[in-house]
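Student: Next comes protein.tsv, TSV, C-alpha atoms:
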```tsv
chain	number	residue	atom	x	y	z
K	122	MET	CA	0.00	0.00	0.00
K	123	ILE	CA	1.23	3.50	-0.82
K	124	GLN	CA	2.18	5.47	2.30
K	125	GLY	CA	1.60	9.18	2.22
K	126	VAL	CA	-0.71	12.10	2.76
K	127	GLN	CA	-4.13	12.61	1.20
K	128	ILE	CA	-4.59	15.97	-0.55
K	129	ASN	CA	-8.10	17.24	-1.26
K	130	LEU	CA	-8.34	19.97	-3.90
K	131	ILE	CA	-11.63	21.84	-3.58
K	132	SER	CA	-12.82	23.81	-6.59
K	133	GLY	CA	-13.97	27.42	-6.46
K	134	ASP	CA	-17.35	26.34	-7.86
K	135	ARG	CA	-17.92	24.02	-4.93
K	136	LEU	CA	-16.80	26.65	-2.41
K	137	ASP	CA	-19.11	29.26	-3.95
K	138	LYS	CA	-22.12	27.10	-3.12
K	139	MET	CA	-21.16	26.66	0.53
K	140	THR	CA	-21.90	28.80	3.59
K	141	THR	CA	-19.08	29.95	5.87
K	142	MET	CA	-19.72	27.26	8.48
K	143	GLU	CA	-19.98	24.55	5.81
K	144	LYS	CA	-16.57	25.56	4.48
K	145	ILE	CA	-15.06	25.64	7.96
K	146	ARG	CA	-16.48	22.21	8.87
K	147	LEU	CA	-15.30	20.72	5.58
K	148	ILE	CA	-11.77	22.08	6.13
K	149	LEU	CA	-11.48	21.12	9.79
K	150	ASP	CA	-13.00	17.64	9.42
K	151	ASP	CA	-10.46	16.90	6.67
K	152	VAL	CA	-7.49	18.43	8.50
K	153	ILE	CA	-8.29	16.67	11.79
K	154	GLU	CA	-8.20	13.38	9.78
K	155	GLY	CA	-4.64	14.29	8.78
K	156	ASN	CA	-5.43	15.41	5.23
K	157	ILE	CA	-4.18	18.48	3.38
K	158	VAL	CA	-6.87	20.73	1.91
K	159	VAL	CA	-6.26	23.00	-1.09
K	160	LEU	CA	-8.94	25.63	-1.72
K	161	GLU	CA	-8.91	26.93	-5.29
K	162	THR	CA	-10.29	30.34	-4.30
K	163	GLY	CA	-9.41	30.61	-0.61
K	164	LEU	CA	-11.45	32.20	2.15
K	165	THR	CA	-12.63	35.76	2.76
K	166	PRO	CA	-11.04	37.61	5.72
K	167	ASP	CA	-14.22	37.07	7.74
K	168	GLU	CA	-14.15	33.34	7.00
K	169	GLN	CA	-10.47	33.21	7.97
K	170	SER	CA	-11.31	34.89	11.25
K	171	LYS	CA	-14.04	32.35	11.97
K	172	LEU	CA	-11.76	29.48	10.92
K	173	ILE	CA	-9.20	30.57	13.56
K	174	GLU	CA	-11.96	30.78	16.18
K	175	VAL	CA	-13.44	27.34	15.44
K	176	THR	CA	-9.96	25.78	15.13
K	177	MET	CA	-9.20	26.90	18.69
K	178	LEU	CA	-12.31	25.12	19.95
K	179	GLU	CA	-11.19	21.84	18.31
K	180	ILE	CA	-7.71	21.70	19.89
K	181	THR	CA	-7.22	18.86	22.38
K	182	PRO	CA	-4.19	17.76	24.46
K	183	ASP	CA	-2.26	14.99	22.63
K	184	GLY	CA	-4.75	15.24	19.75
K	185	PHE	CA	-5.38	17.99	17.24
K	186	SER	CA	-3.03	20.93	17.86
K	187	GLY	CA	-4.30	23.34	15.23
K	188	ILE	CA	-3.73	24.20	11.61
K	189	GLU	CA	-0.98	25.46	9.39
K	190	MET	CA	-2.36	27.61	6.62
K	191	GLU	CA	-0.63	29.07	3.59
K	192	THR	CA	-1.91	31.74	1.25
K	193	TYR	CA	-0.77	35.00	-0.31
K	194	ALA	CA	-1.86	38.44	0.84
K	195	PRO	CA	-5.27	39.40	-0.61
K	196	LYS	CA	-5.19	41.22	-3.94
K	197	ARG	CA	-5.78	44.95	-3.60
K	198	SER	CA	-9.08	46.45	-4.77
K	199	SER	CA	-7.77	48.05	-8.00
K	200	SER	CA	-6.72	44.69	-9.42
K	201	MET	CA	-9.78	42.80	-8.31
K	202	GLY	CA	-12.39	45.08	-9.84
K	203	GLY	CA	-13.55	46.16	-6.39
K	204	GLY	CA	-14.11	49.62	-5.03
K	205	PHE	CA	-17.31	51.57	-4.64
K	206	PHE	CA	-19.38	49.86	-7.36
K	207	ALA	CA	-18.37	46.36	-6.24
K	208	LYS	CA	-19.50	47.24	-2.71
K	209	LEU	CA	-22.70	48.77	-4.08
K	210	LEU	CA	-23.48	45.59	-6.01
K	211	GLY	CA	-22.62	43.45	-3.00
K	212	LYS	CA	-19.69	41.76	-4.73
K	213	LYS	CA	-18.12	39.34	-2.24
K	214	GLY	CA	-15.10	37.12	-1.99
K	215	SER	CA	-12.90	38.98	-4.46
K	216	GLY	CA	-9.24	39.21	-3.60
K	217	THR	CA	-9.06	35.77	-2.01
K	218	ARG	CA	-6.21	33.53	-3.16
K	219	MET	CA	-5.49	29.83	-3.43
K	220	THR	CA	-5.02	28.45	0.09
K	221	VAL	CA	-3.42	25.33	1.51
K	222	ILE	CA	-4.43	24.14	4.98
K	223	GLY	CA	-3.02	21.18	6.90
K	224	PRO	CA	-2.55	19.86	10.44
K	225	ALA	CA	0.01	21.94	12.37
K	226	ASN	CA	1.91	18.83	13.44
K	227	GLN	CA	2.34	17.63	9.83
K	228	MET	CA	2.80	20.78	7.79
K	229	LYS	CA	5.56	23.35	8.19
K	230	THR	CA	6.42	26.48	6.26
K	231	ILE	CA	9.97	26.46	4.95
K	232	LYS	CA	9.95	29.82	3.21
K	233	LYS	CA	7.36	32.49	2.71
K	234	ASP	CA	7.73	35.53	0.52
K	235	LYS	CA	5.40	37.91	-1.30
K	236	ASP	CA	5.12	35.57	-4.28
K	237	LEU	CA	6.61	32.24	-3.19
K	238	ILE	CA	5.58	29.85	-0.44
K	239	SER	CA	7.48	26.64	0.28
K	240	ALA	CA	5.96	24.16	2.71
K	241	TRP	CA	6.95	20.72	3.91
K	242	VAL	CA	4.38	18.00	4.65
K	243	SER	CA	4.95	14.77	6.54
K	244	SER	CA	2.73	11.71	6.93
K	245	ARG	CA	1.45	10.89	10.42
A	257	MET	CA	-21.97	82.34	37.32
A	258	ASN	CA	-25.30	83.70	36.18
A	259	LEU	CA	-28.36	81.58	35.52
A	260	PHE	CA	-27.98	81.76	31.74
A	261	LEU	CA	-24.44	80.36	31.81
A	262	ARG	CA	-25.34	77.63	34.30
A	263	THR	CA	-28.28	76.53	32.17
A	264	LYS	CA	-26.16	76.59	29.01
A	265	LYS	CA	-23.49	74.40	30.64
A	266	ARG	CA	-26.05	71.90	31.93
A	267	LEU	CA	-27.74	71.72	28.55
A	268	SER	CA	-24.42	71.20	26.81
A	269	ARG	CA	-23.51	68.33	29.20
A	270	PHE	CA	-26.90	66.71	28.59
A	271	VAL	CA	-26.60	67.00	24.79
A	272	ASN	CA	-23.03	65.61	24.87
A	273	ALA	CA	-24.03	62.69	27.07
A	274	PHE	CA	-27.02	61.91	24.87
A	275	PHE	CA	-25.47	62.17	21.42
A	276	LYS	CA	-21.80	61.49	22.03
A	277	LYS	CA	-20.44	58.40	20.32
A	278	ARG	CA	-18.92	55.95	22.78
A	279	GLN	CA	-15.14	56.05	23.19
A	280	SER	CA	-13.21	54.21	20.50
A	281	ARG	CA	-11.90	50.82	21.56
A	282	ILE	CA	-8.37	50.34	20.31
A	283	GLY	CA	-7.29	46.70	20.25
A	284	ILE	CA	-3.64	45.76	20.63
A	285	TYR	CA	-3.27	42.72	18.39
A	286	GLY	CA	-0.43	40.54	17.16
A	287	PRO	CA	1.18	37.12	17.46
A	288	PRO	CA	2.16	35.73	20.90
A	289	ASN	CA	5.23	37.31	22.57
A	290	ALA	CA	5.26	40.42	20.37
A	291	GLY	CA	5.10	42.63	23.48
A	292	LYS	CA	1.40	43.55	23.46
A	293	THR	CA	0.94	43.62	27.22
A	294	THR	CA	4.26	45.46	27.74
A	295	LEU	CA	3.08	48.19	25.34
A	296	SER	CA	-0.44	48.25	26.83
A	297	ASN	CA	1.05	48.70	30.30
A	298	ARG	CA	3.35	51.44	28.99
A	299	ILE	CA	0.47	53.38	27.38
A	300	VAL	CA	-1.82	52.97	30.40
A	301	ARG	CA	0.97	53.87	32.84
A	302	ASP	CA	2.04	56.95	30.81
A	303	TRP	CA	-1.49	58.41	30.84
A	304	THR	CA	-3.12	57.06	34.01
A	305	GLY	CA	-0.29	55.75	36.21
A	306	ASP	CA	-2.00	52.35	36.26
A	307	ALA	CA	-1.19	48.99	34.54
A	308	LEU	CA	-3.17	46.37	32.60
A	309	GLY	CA	-1.66	42.95	33.15
A	310	PRO	CA	1.37	40.77	33.93
A	311	VAL	CA	4.04	39.94	31.32
A	312	SER	CA	6.11	36.78	30.87
A	313	GLN	CA	8.69	35.16	28.58
A	314	ILE	CA	6.38	32.16	28.24
A	315	PRO	CA	3.95	32.64	25.31
A	316	HIS	CA	0.23	33.15	25.99
A	317	GLU	CA	0.63	34.92	29.33
A	318	THR	CA	-2.41	37.01	28.34
A	319	ARG	CA	-5.30	34.60	27.92
A	320	ARG	CA	-8.20	37.00	28.40
A	321	ALA	CA	-8.80	40.33	26.69
A	322	ARG	CA	-8.36	43.19	29.17
A	323	ARG	CA	-9.83	46.65	28.70
A	324	LYS	CA	-8.75	49.89	30.31
A	325	GLU	CA	-11.35	52.60	29.82
A	326	GLY	CA	-11.01	56.32	29.32
A	327	ILE	CA	-7.35	56.89	28.49
A	328	THR	CA	-6.83	60.46	27.30
A	329	ILE	CA	-3.78	60.98	25.10
A	330	SER	CA	-2.78	64.56	24.28
A	331	ASN	CA	0.06	66.51	22.71
A	332	GLN	CA	1.62	69.95	23.14
A	333	ASN	CA	-0.63	71.44	20.43
A	334	GLY	CA	-3.65	70.80	22.62
A	335	ASN	CA	-4.98	67.89	20.55
A	336	SER	CA	-6.36	64.99	22.55
A	337	VAL	CA	-8.24	61.73	22.13
A	338	THR	CA	-9.92	59.57	24.76
A	339	ILE	CA	-9.94	55.85	24.02
A	340	ASP	CA	-10.29	52.44	25.64
A	341	ILE	CA	-7.21	50.20	25.31
A	342	VAL	CA	-7.95	46.50	24.82
A	343	ASP	CA	-4.98	44.20	25.39
A	344	THR	CA	-5.74	40.93	23.56
A	345	PRO	CA	-4.28	37.40	23.72
A	346	GLY	CA	-1.72	36.62	20.99
A	347	VAL	CA	-3.32	35.22	17.85
A	348	THR	CA	-2.14	31.94	16.38
A	349	THR	CA	-3.59	29.00	14.43
A	350	LYS	CA	-1.96	26.34	16.62
A	351	ILE	CA	-1.37	25.69	20.31
A	352	ASP	CA	0.41	22.65	21.70
A	353	TYR	CA	0.80	22.27	25.46
A	354	GLN	CA	4.22	20.62	24.88
A	355	GLU	CA	5.56	24.07	24.05
A	356	PHE	CA	4.87	25.20	27.64
A	357	ILE	CA	6.53	22.06	29.07
A	358	GLU	CA	9.68	23.15	27.23
A	359	TYR	CA	9.58	26.32	29.36
A	360	GLY	CA	9.63	24.13	32.49
A	361	MET	CA	5.92	23.93	33.30
A	362	GLU	CA	4.33	20.80	34.80
A	363	LYS	CA	2.13	18.81	32.37
A	364	ASP	CA	-1.18	19.65	34.11
A	365	ASP	CA	-0.34	23.36	34.23
A	366	ALA	CA	0.76	23.29	30.59
A	367	ILE	CA	-2.52	21.62	29.50
A	368	LYS	CA	-4.52	24.17	31.50
A	369	ARG	CA	-2.55	27.06	30.00
A	370	ALA	CA	-3.06	25.64	26.48
A	371	ARG	CA	-6.81	25.32	27.03
A	372	GLU	CA	-7.06	28.87	28.34
A	373	ALA	CA	-4.90	30.10	25.46
A	374	THR	CA	-7.25	28.54	22.86
A	375	GLU	CA	-10.19	30.28	24.52
A	376	GLY	CA	-8.20	33.53	24.55
A	377	VAL	CA	-7.45	33.39	20.82
A	378	ALA	CA	-11.13	32.71	20.03
A	379	GLU	CA	-12.06	35.64	22.28
A	380	ALA	CA	-9.56	37.95	20.54
A	381	MET	CA	-11.04	37.09	17.13
A	382	HIS	CA	-14.53	37.73	18.44
A	383	TRP	CA	-13.55	41.17	19.79
A	384	LEU	CA	-12.00	42.04	16.41
A	385	ARG	CA	-15.21	41.17	14.55
A	386	GLU	CA	-17.60	42.83	17.00
A	387	ASP	CA	-16.14	45.43	19.32
A	388	ILE	CA	-12.92	47.02	18.06
A	389	ASP	CA	-12.75	50.45	16.36
A	390	GLY	CA	-9.03	50.66	15.65
A	391	VAL	CA	-5.94	48.45	15.92
A	392	ILE	CA	-2.34	48.73	17.03
A	393	TYR	CA	-0.74	45.70	15.39
A	394	MET	CA	2.36	44.60	17.28
A	395	LEU	CA	5.26	42.81	15.66
A	396	ASP	CA	8.56	41.64	17.09
A	397	SER	CA	11.03	43.40	14.80
A	398	THR	CA	13.68	40.70	15.34
A	399	LEU	CA	11.45	38.16	13.54
A	400	ASP	CA	10.36	37.66	9.92
A	401	PRO	CA	7.06	39.56	9.49
A	402	PHE	CA	5.96	37.42	6.50
A	403	THR	CA	4.03	34.86	8.56
A	404	GLN	CA	0.59	33.56	7.71
A	405	VAL	CA	-0.92	34.87	10.95
A	406	ASN	CA	0.38	38.41	10.26
A	407	ILE	CA	-0.79	38.45	6.65
A	408	MET	CA	-4.16	36.99	7.60
A	409	LEU	CA	-4.77	39.31	10.57
A	410	VAL	CA	-3.77	42.47	8.71
A	411	GLY	CA	-6.09	41.31	5.88
A	412	ILE	CA	-8.95	40.81	8.38
A	413	ILE	CA	-8.34	44.27	9.91
A	414	GLU	CA	-8.24	45.89	6.42
A	415	SER	CA	-11.43	44.12	5.36
A	416	ARG	CA	-13.21	45.74	8.33
A	417	ASN	CA	-11.86	49.17	7.32
A	418	LEU	CA	-10.38	49.72	10.78
A	419	PRO	CA	-7.59	52.29	11.18
A	420	VAL	CA	-4.37	50.42	11.93
A	421	LEU	CA	-0.92	51.38	13.17
A	422	ILE	CA	1.83	48.78	12.96
A	423	VAL	CA	4.38	48.79	15.77
A	424	ALA	CA	7.83	47.34	15.10
A	425	ASN	CA	8.59	46.44	18.71
A	426	LYS	CA	11.76	45.31	20.53
A	427	LEU	CA	13.92	48.03	18.99
A	428	ASP	CA	16.22	47.63	22.00
A	429	LEU	CA	17.39	44.22	20.71
A	430	PRO	CA	20.47	44.04	18.41
A	431	ASP	CA	18.65	41.99	15.71
A	432	ALA	CA	15.77	44.46	15.37
A	433	ASN	CA	14.95	45.12	11.72
A	434	PRO	CA	11.95	47.47	11.39
A	435	SER	CA	12.63	47.99	7.66
A	436	ALA	CA	11.58	44.36	7.00
A	437	ILE	CA	8.19	45.22	8.57
A	438	ARG	CA	7.88	48.39	6.45
A	439	LYS	CA	8.61	46.28	3.37
A	440	ALA	CA	6.01	43.67	4.34
A	441	PHE	CA	3.23	46.18	5.08
A	442	PRO	CA	3.95	49.31	2.99
A	443	GLN	CA	0.26	50.31	3.04
A	444	HIS	CA	0.30	51.14	6.78
A	445	PRO	CA	2.35	53.45	9.03
A	446	VAL	CA	5.06	51.53	10.89
A	447	ILE	CA	6.35	52.92	14.19
A	448	PRO	CA	9.62	51.42	15.47
A	449	LEU	CA	9.84	51.45	19.26
A	450	SER	CA	10.75	49.56	22.40
A	451	GLY	CA	7.76	49.03	24.66
A	452	LEU	CA	10.13	47.74	27.33
A	453	GLU	CA	12.39	50.81	27.40
A	454	GLY	CA	9.79	53.31	26.24
A	455	ASN	CA	11.81	54.55	23.23
A	456	ASN	CA	9.94	56.51	20.56
A	457	MET	CA	6.60	56.47	22.37
A	458	ASP	CA	5.97	60.10	21.34
A	459	GLU	CA	5.78	59.09	17.68
A	460	LEU	CA	3.23	56.41	18.58
A	461	TYR	CA	1.12	58.90	20.55
A	462	ASP	CA	1.22	61.42	17.68
A	463	LYS	CA	0.06	58.73	15.25
A	464	MET	CA	-2.64	57.59	17.68
A	465	LEU	CA	-3.97	61.15	17.80
A	466	GLU	CA	-3.90	61.30	14.01
A	467	TYR	CA	-5.47	57.89	13.33
A	468	PHE	CA	-7.81	57.32	16.27
A	469	GLY	CA	-8.81	60.92	17.01
```
Starting from the file, give its structure as structure tokens.

Tutor:
Amino acid sequence: MIQGVQINLISGDRLDKMTTMEKIRLILDDVIEGNIVVLETGLTPDEQSKLIEVTMLEITPDGFSGIEMETYAPKRSSSMGGGFFAKLLGKKGSGTRMTVIGPANQMKTIKKDKDLISAWVSSR
Amino acid sequence: MNLFLRTKKRLSRFVNAFFKKRQSRIGIYGPPNAGKTTLSNRIVRDWTGDALGPVSQIPHETRRARRKEGITISNQNGNSVTIDIVDTPGVTTKIDYQEFIEYGMEKDDAIKRAREATEGVAEAMHWLREDIDGVIYMLDSTLDPFTQVNIMLVGIIESRNLPVLIVANKLDLPDANPSAIRKAFPQHPVIPLSGLEGNNMDELYDKMLEYFG
């Protein structure tokens, strides 16, 4: 049997149909199992904030110790077609970037720069 | 004082109390061990003579948000602002009690500290979403600022359109590199200082008057 780590790549289309809590549950259930989750379109800042909050509630001694998350800084409004009219039309989620999330005890950032992220992943 | 003046003063107090916006709550945010409580204590002590909480080398010493109300900061030009300072637990995405054991804590104490720290982080995020009007974001200037937590938190603060000042703390240490913080967050003012020694606090107070006034 092949030894390794399962990676789940979740499309932007699937994420678009989900509520914040559905996304957070999907991510955390996978990560607690020891899987790596790749989100094609990432999370909004509000969703990231709630992910941190719910992650904290899931941490247990000698069990799940949290998440390691990797993404780039959100794109600024001029390049994402945002601004006043986007706000007026209720445009949401723009500026989010591809995001990788894994268990903190299996994933470690090696190098992080503005436009390059290197991470190392181990099996359990 | 004649009757007219007394009535005018009373009326003015009543109108102010009725229509005045509540004082801005300024949250001191950042990763663990960036010096948030040291700076909070410094600000509170400078303007009220009081203190907010204990500090420690062990991460997550602050595990509950603490608020000090009604701090009036002023300058020589007569400008002033009255704010509440909220010292928050360090934000992280992971907490392992083993880390505290490495600092010499007993296992039971380390587990308890880890549990309280997780609650503290959740509480800090809740405050940021619901009750904070401006942020002082603290960074240890001897460390790489390009961490996920920093990028994520600054993104969350920006998305809420909150005024933010970034503090490049621990300027007293030989490895301090505030220019790396300026490079990482060029969109925000960066104030290099030492919360421990109190260096460059005047620049912070001037910026606080400008941004939170």

Student: Calculated over all atoms listed in the file, which of the candidates K:Leu160, K:Gly216, K:Ser244, K:Tyr193 has the smallest distance to A:Ala440?

Tutor: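 Checking each candidate against A:Ala440, we get K:Tyr193 as the closest.
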
Student: Name the closest residue to K:Ser243 among the candidates K:Leu149, K:Val175, K:Ala194, K:Ile157; distances are taken between atoms, counting all atoms listed in the file.

Tutor: K:Ile157

Student: Looking at all atoms listed in the file, which of A:Met381, A:Met394, A:Ile284, A:Leu418 is the one that sits closest to A:Asp343?

Tutor: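 Answer, going by the shortest atom-to-atom distance: A:Ile284.
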
Student: Quick one: which chain K residues come within 8 Å of chain A, and what is the nearest atom pair for each with the distance in Å to one decimal, counting only C-alpha atoms, rows ordered by chain and ascending number, as CSV?

Tutor:
```
residue,atom,partner,partner_atom,distance
K:Pro166,CA,A:Ile412,CA,4.7
K:Asp167,CA,A:Ile412,CA,6.5
K:Gln169,CA,A:Met408,CA,7.4
K:Ser170,CA,A:Met381,CA,6.3
K:Lys171,CA,A:Met381,CA,7.6
K:Ile173,CA,A:Thr349,CA,5.9
K:Glu174,CA,A:Ala378,CA,4.4
K:Val175,CA,A:Ala378,CA,7.4
K:Thr176,CA,A:Thr349,CA,7.2
K:Met177,CA,A:Thr374,CA,4.9
K:Leu178,CA,A:Thr374,CA,6.8
K:Ile180,CA,A:Thr374,CA,7.5
K:Thr181,CA,A:Arg371,CA,8.0
K:Pro182,CA,A:Ile367,CA,6.6
K:Ser186,CA,A:Asp352,CA,5.4
K:Gly187,CA,A:Lys350,CA,4.1
K:Ile188,CA,A:Thr349,CA,5.6
K:Glu189,CA,A:Thr349,CA,6.7
K:Met190,CA,A:Gln404,CA,6.7
K:Glu191,CA,A:Gln404,CA,6.2
K:Thr192,CA,A:Gln404,CA,7.2
K:Tyr193,CA,A:Ile407,CA,7.8
K:Ala194,CA,A:Ile407,CA,5.9
K:Pro195,CA,A:Gly411,CA,6.8
K:Ala225,CA,A:Lys350,CA,6.4
K:Lys233,CA,A:Phe402,CA,6.4
K:Asp234,CA,A:Phe402,CA,6.5
K:Lys235,CA,A:Phe402,CA,7.8
```

Student: So how many Å separate atom CA of A:His316 and atom CA of A:Glu358, to one decimal?

Tutor: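 Here the two named atoms are 13.8 Å from each other.
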
Student: May I ask which of the residues A:Gly305, A:Gly360, A:Gly390, A:Pro430 is the closest one to A:Tyr285, counting all atoms listed in the file?

Tutor: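 Going through A:Gly305, A:Gly360, A:Gly390, A:Pro430 one by one, the smallest distance to A:Tyr285 is for A:Gly390.
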
Student: So which residues fall inside 12 Å of (-17.0, 23.5, -3.6) if we count all atoms listed in the file? Mind giving them as a PDB file with C-alpha atoms, keeping the file's coordinate frame?

Tutor:
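Written output follows (part_14.pdb):
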```pdb
ATOM      1  CA  ASN K 129      -8.100  17.240  -1.260  1.00  0.00           C
ATOM      2  CA  LEU K 130      -8.340  19.970  -3.900  1.00  0.00           C
ATOM      3  CA  ILE K 131     -11.630  21.840  -3.580  1.00  0.00           C
ATOM      4  CA  SER K 132     -12.820  23.810  -6.590  1.00  0.00           C
ATOM      5  CA  GLY K 133     -13.970  27.420  -6.460  1.00  0.00           C
ATOM      6  CA  ASP K 134     -17.350  26.340  -7.860  1.00  0.00           C
ATOM      7  CA  ARG K 135     -17.920  24.020  -4.930  1.00  0.00           C
ATOM      8  CA  LEU K 136     -16.800  26.650  -2.410  1.00  0.00           C
ATOM      9  CA  ASP K 137     -19.110  29.260  -3.950  1.00  0.00           C
ATOM     10  CA  LYS K 138     -22.120  27.100  -3.120  1.00  0.00           C
ATOM     11  CA  MET K 139     -21.160  26.660   0.530  1.00  0.00           C
ATOM     12  CA  THR K 140     -21.900  28.800   3.590  1.00  0.00           C
ATOM     13  CA  THR K 141     -19.080  29.950   5.870  1.00  0.00           C
ATOM     14  CA  GLU K 143     -19.980  24.550   5.810  1.00  0.00           C
ATOM     15  CA  LYS K 144     -16.570  25.560   4.480  1.00  0.00           C
ATOM     16  CA  ILE K 145     -15.060  25.640   7.960  1.00  0.00           C
ATOM     17  CA  LEU K 147     -15.300  20.720   5.580  1.00  0.00           C
ATOM     18  CA  ILE K 148     -11.770  22.080   6.130  1.00  0.00           C
ATOM     19  CA  VAL K 158      -6.870  20.730   1.910  1.00  0.00           C
ATOM     20  CA  VAL K 159      -6.260  23.000  -1.090  1.00  0.00           C
ATOM     21  CA  LEU K 160      -8.940  25.630  -1.720  1.00  0.00           C
ATOM     22  CA  GLU K 161      -8.910  26.930  -5.290  1.00  0.00           C
ATOM     23  CA  THR K 162     -10.290  30.340  -4.300  1.00  0.00           C
ATOM     24  CA  GLY K 163      -9.410  30.610  -0.610  1.00  0.00           C
ATOM     25  CA  LEU K 164     -11.450  32.200   2.150  1.00  0.00           C
TER      26      LEU K 164
END
```
